[in-house]
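Novice: One structure follows; several queries about it will come next.
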Amino acid sequence: MTDPWQDPALSAGVRAADLLSRMTLREKTAQLYGIWPGSDQTPGGDMAPLQHALSGDVDLTELLPDGLGQLTRPFGTTPVEPAEGAARLAALQERVRSANRFRLPALAHEECLTGFTAWQATIFPTPLAWGASFDPALVKEMAAAIGASMRSVGVHQGLAPVLDVVRDPRWGRTEESIGEDPYLVATVGTAYVQGLESAGIIATLKHFAGYSASRGARNHAPASIGPRELADVILPPFEMALREGGARSVMAAYNDVDGLPAHAHVELLTQLLREKWKFGGTVVSDYFGVSFLESAHGLTDSPAGAAALTLAAGVDVELPSVRCFGAGPLNEELVDRAALRVLTQKCELGLLDPDWAPPPPAEAPADLDPPHMRLLARRLAEESVVLLSNAGVLPLGSGTRRVAVLGPLADDAAAMLGCYTFPRHVLLDHPELPMGVAVPTLLEALRAELPDAEFTDDPAAAEVCVVAVGDRSGLFGRGTSGEGCDVADLELPAGQGELVEAALASGTPVVLVVLSGRPYALGRWADRCAAIVQAFFAGQEGGPAVAGVLSGRVNPSGRLPVSVPRDPAGQPWTYLAPPLGLRGEASSLDPTPLFPFGHGLSYTTYAWQGPSADTDTLPTDGETTLRLTVRNTGERAGTEIVQLYLHDPVGKVARPVARLVGYARVPLEAGASAEVHFTFPADLAAYTGPDGDRIVEPGELELWLGASSDGEGVRHSVLVTLTGPERVVGRERRMRCEVRVK
């Protein structure tokens, strides 16, 4: 007779509870940790902080009879052919199953921030490029394709997306973030979650919470933020991704918030996440985050003490390998709480079914970089390129005869790759191996775009000079951008500014191309460059995408997800500032960006006509619909990005002058027009008041329709008035402005 936990006709919760009741404490605890095969043998530098110091030898013969919760990065630790990797994983799963009395497999997880982080898998643009696209639908499509490729080789969970809202772009992980606005991060990040989950892969939201608000933009540093910034800026993307995206896992952050590390933060992980937001999935530690309660935060003096604190706070799984959770007996009631969540998730994945088996290695895809994936990567890369300025030199067109291409990144594929791409994350320690996928450089792509042009490295001998500057990503100081690669200021790295100066001195028109993981201060050259183009680590198709914009094959539609500063040390800041955070007579420092959030140019022109609202008076629990006609008045097809900002003139606390509450991509043929509808719910005016409640209050609001976040970008303003009582809103509130383009 089949035991209840093996019966697919029963609910996952019932089956998991039955299995839990049959387990010993050691068996239940084993579901809360994993192993990282090969992590102590990788050459070169760490892929996770203190990886080599904290990864010890694990005796699988002794460990596996109790079962195993997780397998860490079977494809993402060392280079392995797809079919061979699938076979290794299947064999390891069989070893795990055959060793424990319930024949339970482990849950396998991988990184997937810029695609499946595996050798020979498609490399997509970095999340900052997702934000620049302002295209959640395409990001969702990308994530679904990534998830399908992972699932096909036996992976169950993906450690993405990063929902940290950029607070200081000097932070090395800016490239992994979607942008500096919580609404953009929430909507694009939620789309990624929906895509990944649709493929049957567990999406993992990270890093919860406050990680990007670290003091001095230093990785792992304390986050000295107040509860209002946490509630109104940091948390909304996580809430939307759980409510609307259906994410089934959350990763705790390394940092502390006002002295309390996230891995020991009961208020965050249990009271907010579980009790208030009703999250029922798993909370996993960041790699070695449990150990850091002992070694970095000083909250305890032993691995067992760290495990007890973490488990009590609400972390269910220790990643990447067993250290603390296996250090000694734990409170069985807390173990049961966590193990029930883990087993329920395994049941949902089919891992408790009697007939479960890993995907047959013979059926594993031979190609993790198929044509449809490359096409998706190209589409997203093209949509993410931002034209910052243009004095008429672009597009270059077929008539351009002599082009100088300069700069350390002009002929370097690394210019397209973020720190979580396999070549930059793993292959740097395997220089004998090829990259595994084709990544054309900017120079190679330009030669293909302009086959009749003559290319040179002498600006004086050219009609136009393209100067490619920016970043090479890496980990923990081994790059100029990436995890652990924080910077003191926003000056172009490695003296590249002098190269720009030399090119400008030639007298040839200079097109400055910034290929980077963060924005850099460009004020020294902005008025002297003929054009400036920004691309944020645009992936394996990034070279052709940027070259396509330069040649005119691609009409740029990207918009800045982060502000570009004028000066390198000009108070790194975001556009979400109250009046006293902007330029004023009280300070000699001017934080005004050179190019604001939302900015981006096109090769065509648009007219915005006839904004109106269904009603300009609505209750504090009501809504109104704004209508706007957008017309392409130029001579070629293009895509306009219409942005909706909220300006609240009077509030009970100091509020940002403007914040994004909606946006629409509007593709138009030359001469065509479309009507854009924004349904604005009063709930989007909510903010955290003086007593900590999220409130919608009566009064006047201004809805700004703009091409960017600053005053110069605002095209129209619509005044609306909220009436009725002040409302306190919670998790039932509407978080999204619905958009239709007709």
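Each chain in the structure tokens gets a letter, A, B and so on, in the order shown; residues start at 1 in every chain, and ligands are counted from 1 in the order they appear.
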Please provide the set of residues having any atom within 9 Å of Ser563 (chain A), restricted to only C-alpha atoms, with same-chain residues fewer than 4 positions apart removed, written as a count of residues only.
Specialist: 12
Novice: Please give the complete set of residues from region 497-673 of chain A that DSSP, run on the backbone, assigns to helix (DSSP H, G or I), formatted as a PyMOL selection string.
Specialist: chain A and resi 497-505+542-551+579-581
Novice: Find the spatial neighbours of Ala637 (chain A), counting only C-alpha atoms, within a cut-off of 9 Å - ignore same-chain residues fewer than 2 positions away - and output them as a compact mmCIF listing (two decimals) with all heavy atoms, in the first residue's frame.
Specialist:
```txt
# COMPACT_ATOMS: atom_id res chain seq x y z
N ASN A 555 16.85 51.52 -34.37
CA ASN A 555 16.47 52.81 -33.82
C ASN A 555 16.43 52.68 -32.30
O ASN A 555 15.62 51.92 -31.77
CB ASN A 555 15.09 53.23 -34.35
CG ASN A 555 14.76 54.68 -34.03
OD1 ASN A 555 15.50 55.35 -33.30
ND2 ASN A 555 13.66 55.16 -34.55
N TYR A 603 16.09 58.11 -33.16
CA TYR A 603 16.38 58.66 -34.48
C TYR A 603 15.13 59.19 -35.17
O TYR A 603 15.20 59.62 -36.32
CB TYR A 603 17.03 57.59 -35.36
CG TYR A 603 18.41 57.18 -34.91
CD1 TYR A 603 18.85 55.88 -35.11
CD2 TYR A 603 19.29 58.09 -34.31
CE1 TYR A 603 20.12 55.49 -34.72
CE2 TYR A 603 20.54 57.71 -33.91
CZ TYR A 603 20.96 56.40 -34.12
OH TYR A 603 22.22 56.00 -33.72
N THR A 604 14.00 59.12 -34.48
CA THR A 604 12.79 59.74 -35.00
C THR A 604 12.24 60.69 -33.94
O THR A 604 12.84 60.84 -32.87
CB THR A 604 11.74 58.68 -35.40
OG1 THR A 604 10.67 59.32 -36.10
CG2 THR A 604 11.18 57.94 -34.20
N ASN A 632 4.19 59.39 -34.16
CA ASN A 632 5.54 59.37 -34.71
C ASN A 632 5.60 60.39 -35.84
O ASN A 632 5.03 60.19 -36.91
CB ASN A 632 5.88 57.97 -35.24
CG ASN A 632 7.30 57.85 -35.75
OD1 ASN A 632 7.97 58.86 -36.01
ND2 ASN A 632 7.77 56.62 -35.92
N GLY A 634 8.36 61.50 -37.29
CA GLY A 634 9.58 61.38 -38.06
C GLY A 634 9.40 60.55 -39.31
O GLY A 634 8.28 60.24 -39.73
N GLU A 635 10.54 60.12 -39.85
CA GLU A 635 10.53 59.42 -41.14
C GLU A 635 10.87 57.94 -41.03
O GLU A 635 11.04 57.28 -42.05
CB GLU A 635 11.52 60.11 -42.09
CG GLU A 635 11.15 61.56 -42.40
CD GLU A 635 12.14 62.22 -43.35
OE1 GLU A 635 13.17 61.57 -43.66
OE2 GLU A 635 11.88 63.35 -43.77
N THR A 639 10.14 53.36 -31.30
CA THR A 639 9.36 53.05 -30.10
C THR A 639 9.58 54.14 -29.07
O THR A 639 10.71 54.38 -28.64
CB THR A 639 9.77 51.69 -29.51
OG1 THR A 639 9.51 50.66 -30.47
CG2 THR A 639 8.99 51.39 -28.24
N PRO A 667 5.32 51.24 -29.81
CA PRO A 667 5.96 51.10 -31.13
C PRO A 667 5.10 51.74 -32.21
O PRO A 667 3.89 51.52 -32.26
CB PRO A 667 6.05 49.59 -31.31
CG PRO A 667 4.95 49.03 -30.46
CD PRO A 667 4.75 49.98 -29.32
N LEU A 668 5.72 52.54 -33.07
CA LEU A 668 4.98 53.27 -34.09
C LEU A 668 5.74 53.30 -35.41
O LEU A 668 6.95 53.59 -35.43
CB LEU A 668 4.72 54.72 -33.64
CG LEU A 668 3.78 54.93 -32.45
CD1 LEU A 668 3.87 56.38 -31.98
CD2 LEU A 668 2.35 54.57 -32.81
N GLU A 669 5.04 53.02 -36.48
CA GLU A 669 5.59 53.26 -37.79
C GLU A 669 5.65 54.76 -38.07
O GLU A 669 4.99 55.55 -37.38
CB GLU A 669 4.75 52.57 -38.87
CG GLU A 669 4.74 51.05 -38.78
CD GLU A 669 6.11 50.45 -39.03
OE1 GLU A 669 6.85 51.01 -39.89
OE2 GLU A 669 6.46 49.46 -38.37
N ALA A 670 6.42 55.17 -39.04
CA ALA A 670 6.50 56.59 -39.38
C ALA A 670 5.11 57.13 -39.72
O ALA A 670 4.37 56.53 -40.50
CB ALA A 670 7.44 56.79 -40.56
N GLY A 671 4.74 58.22 -39.07
CA GLY A 671 3.46 58.86 -39.32
C GLY A 671 2.30 58.26 -38.55
O GLY A 671 1.19 58.83 -38.56
N ALA A 672 2.50 57.13 -37.89
CA ALA A 672 1.40 56.47 -37.18
C ALA A 672 1.23 57.06 -35.79
O ALA A 672 2.11 57.74 -35.25
CB ALA A 672 1.67 54.97 -37.08
```
Novice: Please tabulate, as a tab-separated table, the residues of region 148-207 of chain A that come within 9 Å of region 505-517 of chain A, each with its closest pair of atoms and the distance in Å to one decimal, counting only C-alpha atoms and ordering rows by chain, then residue number upward.
Specialist:
```
residue	atom	partner	partner_atom	distance
A:Gly172	CA	A:Gly517	CA	8.1
A:Arg173	CA	A:Gly517	CA	8.2
A:Thr174	CA	A:Gly517	CA	6.6
A:Glu175	CA	A:Gly517	CA	4.4
A:Glu176	CA	A:Gly517	CA	8.0
```
Novice: For Ala160 (chain A), work out the shell of residues within 7 Å, counting only C-alpha atoms and skipping chain neighbours fewer than 6 positions away, then give it as a compact mmCIF listing (two decimals) with C-alpha atoms, in the first residue's frame.
Specialist:
```txt
# COMPACT_ATOMS: atom_id res chain seq x y z
CA GLU A 111 22.51 30.88 -10.86
CA CYS A 112 20.50 32.31 -13.76
CA LEU A 113 20.80 36.09 -13.59
CA ALA A 203 12.45 31.81 -8.62
CA THR A 204 14.50 33.14 -5.71
CA LEU A 205 14.15 36.81 -4.81
CA LYS A 206 17.31 38.43 -3.55
```
Novice: Quick one: residues within 8 Å of Val284 (chain A), only C-alpha atoms counted, chain neighbours fewer than 3 positions away excluded, as a ChimeraX atom specification?
Specialist: /A:249-252,315-319
Novice: Give me the residues near Arg734 (chain A) as a VMD selection string, where near means some atom within 9 Å (using only C-alpha atoms) and where sequence neighbours in that chain fewer than 6 positions away do not count.
Specialist: chain A and resid 681 to 684
Novice: For Val546 (chain A), which residue among A:Ala503, A:Val80, A:Leu387, A:Met435 is the nearest when counting only C-alpha atoms?
Specialist: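 Among the listed residues, the smallest separation from Val546 (chain A) belongs to A:Leu387.
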Novice: Write down as a ChimeraX atom specification the residues of region 100-231 of chain A whose backbone DSSP state falls under strand (DSSP E or B).
Specialist: /A:107-110,113,115,157-158,162,202-208,223
Novice: Okay, now the selection with C-alpha atoms, as a compact mmCIF listing (two decimals), in the first residue's frame?
Specialist:
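To be explicit, this is the file written out as again_29.txt:
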```txt
# COMPACT_ATOMS: atom_id res chain seq x y z
CA LEU A 107 16.71 19.93 -5.07
CA ALA A 108 19.31 21.26 -7.54
CA HIS A 109 19.82 25.01 -7.85
CA GLU A 110 21.81 27.23 -10.19
CA LEU A 113 20.80 36.09 -13.59
CA GLY A 115 20.87 33.20 -18.43
CA GLN A 157 15.64 26.35 -8.58
CA GLY A 158 17.18 29.54 -9.96
CA VAL A 162 18.02 40.54 -7.91
CA ILE A 202 11.57 28.11 -8.45
CA ALA A 203 12.45 31.81 -8.62
CA THR A 204 14.50 33.14 -5.71
CA LEU A 205 14.15 36.81 -4.81
CA LYS A 206 17.31 38.43 -3.55
CA HIS A 207 18.65 40.01 -1.46
CA PHE A 208 16.14 40.44 1.36
CA ALA A 223 22.54 49.44 5.77
```
